[in-house]
Amino acid sequence: MKTKGAILWGVGEEWKIEEIELGDPRAGEVQVQLAASGLCHSDEHLVTGGTPVASYPVIGGHEGSGIVTKVGPGVTGLKEGDHVVTAFIPACGQCPPCSRGMQNLCDLGANLLTGQAISDGTYRIQAGGKDVVPMCLLGTFSPYITVNQASVVRIEPDIPLEVAALVGCGVTTGWGSATKVADVRPGENVVVMGAGGVGMNAVQGAAAAGAKRVMVIDPVAAKREWAMDLGATHTFASMEEAAPAINELTWGRMAEKTIITVGDIQGEDIAAALSVTGKGGRAVVTGMGNYANVDVKLSLFELTLLQKDLQGAIFGGLAPRNAIPELLSLYQEGQLKLDELVTTRYKLEDVNQGYQDMRDGKNIRGMIVYTDADR
């Protein structure tokens with residue numbers, strides 16, 4: 001079918017809305033009519049070149065929700081009319097990581113940035129006569145996607161699709177970074193560095209886990225205010241402001257857990273995070289940086305003698321097929337805020353404005369909403 005999508009033709013360029021040719025589902029695949037797509041900072045890394053892809057052009061987007069419209073041969077557990085959320089990490093359920101309970105590290109993720117379909121290694125999208133690489137094998141910056149069944153999770157039909165899209169990336173990543181990877185315990189002090197689409201949900205997760213204090217560091221005043229509405233107890237504009245206050249609040253013990261959720265992580269952020277993490281504490285690295293940046297600043301002396309733990313995290317350490325329905329259930333019960341995270345809604349044609357608003361600190365999460373006019 002012919003539809004449209006936001007295409008990136010090279011590093012440093014803007015997204016361009018162009019006609020694309022979308023292939024029908026092949027073995028193990030479904031086609032989904034999307035309702036919404038989040039504007040995640042990870043797609044910004046495609047623009048800056050911070051995330052490498054096999055080739056350009058690229059169609060962005062990896063945080064989406066919609067309704068299955070076509071089902072290819074061999075698909076199990078999905079049918080036309082099912083409501084689904086995309087998972088930017090596919091989960092086959094059979095590879096060694098999946099069988100050990102680590103769906104977020106599924107072996108199918110090896111080809112996420114190649115654009116080659118899981119089922120047969122070919123491409124489902126063409127534009128201008130060229131194969132197009134879909135971000136995370138999804139490409140939700142288009143009203144329709146054709147993807148492998150391992151990349152979508154069925155959800156209950158009474159959940160609003162627009163907010164459901166959020167659990168495809170940002171919400172689950174932030175929530176799990178606090179509850180799973182950091183393993184926040186009741187009564188602990190938690191620092192969250194960066195209050196964007198992921199950080200706000202680390203705040204929600206830490207608060208839900210029973211943290212005594214959730215202390216947020218972000219330079220944008222509006223985000224600090226939003227964080228207080230989502231469970232933060234204290235906010236600071238900078239690490240220089242935060243460090244002495246954290247020291248005083250905790251009687252010199254500092255935080256048991258620190259979660260780094262800045263949009264573009266730098267090597268010096270590691271040292272800063274560890275400096276406010278107490279003895280035997282854990283610093284979790286969730287934010288993404290440039291793939292070529294291998295320089296990390298930290299005190300090896302402090303790391304050893306104070307037995308601190310530095311831990312990476314992807315998708316919050318959670319299993320997509322389990323976590324996505326669970327988090328949406330918490331939303332239905334009023335225990336997880338999702339509606340409040342969507343600060344601005346955009347048409348697909350306004351995707352560049354959406355990312356400029358993100359750079360300017362105006363959004364927690366910008367959301368592309370598709371209408372009948374897009375189809």
# chains A, B, ... in the order shown; residues from 1 in each chain; ligands from 1

$ residues_around --residues "A:Leu300" --least-positions-apart "6" --cutoff "10 Å" --atoms "only C-alpha atoms" --output "list of chain:residue names"
A:Ala271, A:Leu306, A:Lys308

$ residues_around --residues "A:Ala110" --least-positions-apart "6" --cutoff "10 Å" --atoms "only C-alpha atoms" --output "VMD selection string"
chain A and resid 89 to 90 118

$ closest_residue --among "A:Gly38, A:Gly72, A:Gly267, A:Gly12" --to "A:Val198" --atoms "only C-alpha atoms"
A:Gly38

$ residues_around --residues "stretch 130-144 of chain A" --least-positions-apart "2" --cutoff "8 Å" --atoms "only C-alpha atoms" --output "number ranges by chain"
A: 3-6, 22, 31-35, 37, 43, 53-64, 86, 88-89, 112-117, 123-128, 146-147, 151, 348, 368, 370, 374-375

$ write_last_selection --atoms "N, CA and C atoms" --output "compact mmCIF listing (two decimals), in the first residue's frame"
# COMPACT_ATOMS: atom_id res chain seq x y z
N THR A 3 1.38 4.97 1.49
CA THR A 3 1.01 5.80 2.62
C THR A 3 2.09 6.88 2.76
N LYS A 4 2.22 7.48 3.91
CA LYS A 4 3.24 8.51 4.09
C LYS A 4 4.03 8.22 5.35
N GLY A 5 5.19 8.86 5.45
CA GLY A 5 6.03 8.67 6.63
C GLY A 5 7.03 9.80 6.76
N ALA A 6 7.57 9.94 7.97
CA ALA A 6 8.61 10.94 8.23
C ALA A 6 9.97 10.28 7.99
N LEU A 22 4.53 0.56 1.45
CA LEU A 22 4.59 -0.36 2.58
C LEU A 22 4.14 -1.75 2.13
N GLN A 31 0.20 -6.24 9.93
CA GLN A 31 0.14 -4.83 9.60
C GLN A 31 -0.75 -4.14 10.62
N VAL A 32 -0.33 -2.95 11.06
CA VAL A 32 -1.03 -2.23 12.12
C VAL A 32 -1.36 -0.83 11.65
N GLN A 33 -2.63 -0.44 11.85
CA GLN A 33 -3.03 0.95 11.64
C GLN A 33 -2.82 1.68 12.96
N LEU A 34 -1.89 2.63 12.96
CA LEU A 34 -1.49 3.27 14.20
C LEU A 34 -2.45 4.39 14.60
N ALA A 35 -2.59 4.53 15.92
CA ALA A 35 -3.37 5.63 16.47
C ALA A 35 -2.47 6.77 16.91
N SER A 37 1.98 7.91 18.00
CA SER A 37 3.41 7.61 18.13
C SER A 37 4.07 8.66 18.99
N ASP A 43 15.01 8.87 18.82
CA ASP A 43 14.95 9.18 17.38
C ASP A 43 15.76 10.43 17.05
N VAL A 53 22.98 3.69 12.05
CA VAL A 53 22.09 2.80 11.33
C VAL A 53 22.82 2.25 10.13
N ALA A 54 22.31 1.15 9.60
CA ALA A 54 23.01 0.49 8.49
C ALA A 54 23.11 1.40 7.28
N SER A 55 22.06 2.19 7.03
CA SER A 55 22.06 3.08 5.87
C SER A 55 20.90 4.06 6.00
N TYR A 56 20.96 5.11 5.22
CA TYR A 56 19.85 6.04 5.08
C TYR A 56 19.23 5.81 3.71
N PRO A 57 17.93 6.09 3.55
CA PRO A 57 17.02 6.79 4.44
C PRO A 57 16.49 5.93 5.58
N VAL A 58 16.02 6.63 6.64
CA VAL A 58 15.44 6.01 7.82
C VAL A 58 14.05 6.58 8.05
N ILE A 59 13.11 5.75 8.45
CA ILE A 59 11.82 6.24 8.91
C ILE A 59 11.80 6.11 10.43
N GLY A 60 11.50 7.21 11.11
CA GLY A 60 11.63 7.24 12.55
C GLY A 60 10.43 6.66 13.27
N GLY A 61 10.54 6.64 14.59
CA GLY A 61 9.44 6.24 15.45
C GLY A 61 9.52 4.81 15.93
N HIS A 62 9.35 4.63 17.23
CA HIS A 62 9.39 3.28 17.79
C HIS A 62 8.46 3.12 19.00
N GLU A 63 7.65 4.13 19.28
CA GLU A 63 6.76 4.12 20.43
C GLU A 63 5.34 4.33 19.93
N GLY A 64 4.63 3.24 19.63
CA GLY A 64 3.35 3.38 18.98
C GLY A 64 2.28 2.44 19.50
N THR A 86 3.47 -1.29 20.27
CA THR A 86 4.77 -1.71 19.74
C THR A 86 5.79 -1.81 20.87
N PHE A 88 9.87 -1.70 21.32
CA PHE A 88 11.05 -1.41 20.50
C PHE A 88 12.11 -2.49 20.61
N ILE A 89 11.97 -3.37 21.61
CA ILE A 89 12.78 -4.59 21.67
C ILE A 89 11.87 -5.75 21.35
N LEU A 112 18.14 -4.57 15.05
CA LEU A 112 17.25 -3.44 15.24
C LEU A 112 17.56 -2.26 14.33
N LEU A 113 18.82 -2.01 14.06
CA LEU A 113 19.21 -0.82 13.30
C LEU A 113 19.64 -1.14 11.87
N THR A 114 19.35 -2.38 11.43
CA THR A 114 19.69 -2.75 10.06
C THR A 114 18.54 -2.50 9.10
N GLY A 115 17.30 -2.49 9.63
CA GLY A 115 16.13 -2.33 8.78
C GLY A 115 15.66 -3.61 8.14
N GLN A 116 16.40 -4.70 8.32
CA GLN A 116 16.06 -5.96 7.69
C GLN A 116 15.02 -6.72 8.52
N ALA A 117 13.92 -7.07 7.88
CA ALA A 117 12.82 -7.72 8.57
C ALA A 117 13.28 -9.02 9.24
N TYR A 123 13.33 -5.88 3.13
CA TYR A 123 12.80 -4.60 3.61
C TYR A 123 11.31 -4.50 3.29
N ARG A 124 10.57 -3.86 4.18
CA ARG A 124 9.12 -3.71 3.99
C ARG A 124 8.75 -2.31 3.49
N ILE A 125 9.69 -1.37 3.53
CA ILE A 125 9.38 0.02 3.19
C ILE A 125 10.33 0.52 2.11
N GLN A 126 9.77 1.20 1.12
CA GLN A 126 10.57 1.86 0.09
C GLN A 126 10.10 3.31 -0.06
N ALA A 127 11.05 4.17 -0.36
CA ALA A 127 10.76 5.58 -0.63
C ALA A 127 11.75 6.09 -1.67
N GLY A 128 11.26 6.76 -2.68
CA GLY A 128 12.14 7.28 -3.72
C GLY A 128 12.96 6.21 -4.39
N THR A 146 4.22 -2.44 8.98
CA THR A 146 4.21 -3.89 8.82
C THR A 146 5.41 -4.43 9.60
N VAL A 147 5.12 -5.21 10.65
CA VAL A 147 6.17 -5.60 11.58
C VAL A 147 6.01 -7.06 11.99
N SER A 151 7.34 -7.97 17.73
CA SER A 151 7.52 -6.56 18.03
C SER A 151 6.24 -5.85 18.48
N LEU A 348 1.57 14.45 12.02
CA LEU A 348 2.83 13.91 11.51
C LEU A 348 3.63 15.00 10.81
N ILE A 368 2.54 12.25 18.35
CA ILE A 368 1.90 12.33 17.05
C ILE A 368 0.59 11.54 17.14
N TYR A 370 -2.64 10.22 14.93
CA TYR A 370 -3.12 10.00 13.56
C TYR A 370 -4.64 10.09 13.52
N ASP A 374 -5.18 11.11 7.79
CA ASP A 374 -3.84 10.57 7.52
C ASP A 374 -3.91 9.25 6.76
N ARG A 375 -5.11 8.71 6.63
CA ARG A 375 -5.23 7.39 6.03
C ARG A 375 -5.96 7.45 4.71

$ closest_residue --among "A:Leu230, A:Glu248, A:Gln356, A:Ala178" --to "A:Gln311" --atoms "only C-alpha atoms"
A:Ala178
